[in-house]
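Enquirer: The structure file entry_23.tsv (TSV, C-alpha atoms) is provided below.
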```tsv
chain	number	residue	atom	x	y	z
A	1	VAL	CA	28.18	67.41	-7.23
A	2	VAL	CA	25.40	69.73	-6.10
A	3	SER	CA	23.54	70.48	-2.90
A	4	GLN	CA	20.40	68.43	-2.34
A	5	ASP	CA	18.67	71.77	-1.70
A	6	LEU	CA	18.97	72.86	-5.34
A	7	ASP	CA	15.75	72.95	-7.33
A	8	GLU	CA	15.04	69.64	-9.09
A	9	GLU	CA	14.15	71.30	-12.40
A	10	PHE	CA	17.38	73.33	-12.37
A	11	VAL	CA	19.53	70.24	-11.74
A	12	TYR	CA	17.61	68.34	-14.44
A	13	ASP	CA	18.28	71.14	-16.95
A	14	VAL	CA	21.98	71.38	-16.07
A	15	THR	CA	22.37	67.59	-16.34
A	16	ARG	CA	20.58	67.57	-19.70
A	17	VAL	CA	22.72	70.38	-21.15
A	18	LEU	CA	25.96	68.79	-19.93
A	19	HIS	CA	25.08	65.39	-21.37
A	20	GLU	CA	23.84	66.82	-24.66
A	21	ASN	CA	27.21	68.55	-25.05
A	22	VAL	CA	29.59	65.92	-23.65
A	23	ASP	CA	31.50	65.68	-26.95
A	24	ALA	CA	32.23	69.42	-26.92
A	25	LEU	CA	33.22	69.23	-23.26
A	26	ALA	CA	35.54	66.29	-23.98
A	27	SER	CA	37.23	68.12	-26.83
A	28	GLY	CA	37.71	71.23	-24.69
A	29	HIS	CA	39.05	69.66	-21.50
A	30	PRO	CA	40.68	66.32	-20.64
A	31	SER	CA	38.07	65.63	-17.95
A	32	GLY	CA	35.11	66.66	-20.10
A	33	GLY	CA	34.50	63.11	-21.27
A	34	ASP	CA	34.10	61.95	-17.69
A	35	LEU	CA	30.52	63.19	-17.88
A	36	ALA	CA	29.58	60.56	-20.46
A	37	PRO	CA	26.72	58.33	-19.23
A	38	GLU	CA	28.88	55.20	-19.40
A	39	ASN	CA	31.00	56.72	-16.61
A	40	ILE	CA	28.10	57.00	-14.14
A	41	GLU	CA	29.58	54.31	-11.90
A	42	GLN	CA	32.53	56.61	-11.19
A	43	ALA	CA	30.29	59.12	-9.42
A	44	LEU	CA	31.36	59.78	-5.86
A	45	CYS	CA	27.95	60.18	-4.25
A	46	PRO	CA	24.26	59.49	-4.92
A	47	LEU	CA	22.62	61.50	-7.67
A	48	HIS	CA	20.37	64.49	-7.08
A	49	PRO	CA	16.70	63.68	-7.88
A	50	GLY	CA	16.85	66.08	-10.86
A	51	ALA	CA	19.83	64.26	-12.35
A	52	MET	CA	18.20	60.91	-11.66
A	53	ARG	CA	15.08	62.02	-13.54
A	54	TYR	CA	17.20	62.90	-16.58
A	55	PHE	CA	18.94	59.51	-16.57
A	56	GLU	CA	15.63	57.67	-16.18
A	57	GLU	CA	14.09	59.57	-19.10
A	58	GLU	CA	17.12	58.73	-21.26
A	59	GLY	CA	16.97	55.06	-20.29
A	60	ILE	CA	20.41	55.20	-18.66
A	61	GLU	CA	20.79	52.58	-15.97
A	62	VAL	CA	21.93	53.99	-12.63
A	63	PRO	CA	23.50	51.63	-10.09
A	64	GLU	CA	21.39	51.28	-6.96
A	65	ASP	CA	24.04	52.85	-4.72
A	66	MET	CA	24.05	55.97	-6.94
A	67	GLN	CA	20.29	56.53	-6.74
A	68	PRO	CA	18.99	59.34	-4.50
A	69	ALA	CA	17.80	58.43	-1.03
A	70	SER	CA	14.03	58.17	-0.89
```
Represent the structure from my file as structure tokens, please.
Expert:
Amino acid sequence: VVSQDLDEEFVYDVTRVLHENVDALASGHPSGGDLAPENIEQALCPLHPGAMRYFEEEGIEVPEDMQPAS
């Protein structure tokens, strides 16, 4: 969860790094695997536009209610 005021490129980069390293995160902490793309529907609020851009580029389907407000 991040502020909508954060820079889109920064949020994109953070999302990319987290998802590229989800296996390491999962092995290091019980909740680390929660960041796996297949768990996107468990998100508590709509995605930041930077995160949404990452998921779109990776071809990861994002439920409509999780997409950023336009």
Enquirer: Which residues come within 10 Å of region 36-46 of chain A, counting only C-alpha atoms, excluding same-chain residues fewer than 3 positions away, as a list in words?
Expert: Val1, Leu18, His19, Glu20, Asn21, Val22, Asp23, Leu25, Ala26, Gly32, Gly33, Pro49, Ala51, Met52, Phe55, Glu58, Ile60, Glu61, Val62, Pro63, Glu64, Asp65, Met66, Gln67, Pro68 and Ala69 of chain A
Enquirer: If you measure from CA of Gly50 (chain A) to CA of Glu9 (chain A), what distance in Å do you get, rounded to one decimal?
Expert: 6.1 Å
Enquirer: Can you measure CA of Asp7 (chain A) to CA of His29 (chain A) for me? One decimal in Å is fine.
Expert: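 Taking CA of Asp7 (chain A) as the start and CA of His29 (chain A) as the end point, the length is 27.5 Å.
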Enquirer: What separation in Å, quoted to one decimal, exists between CA of Leu35 (chain A) and CA of Tyr12 (chain A)?
Expert: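 For CA of Leu35 (chain A) relative to CA of Tyr12 (chain A), the distance reads 14.3 Å.
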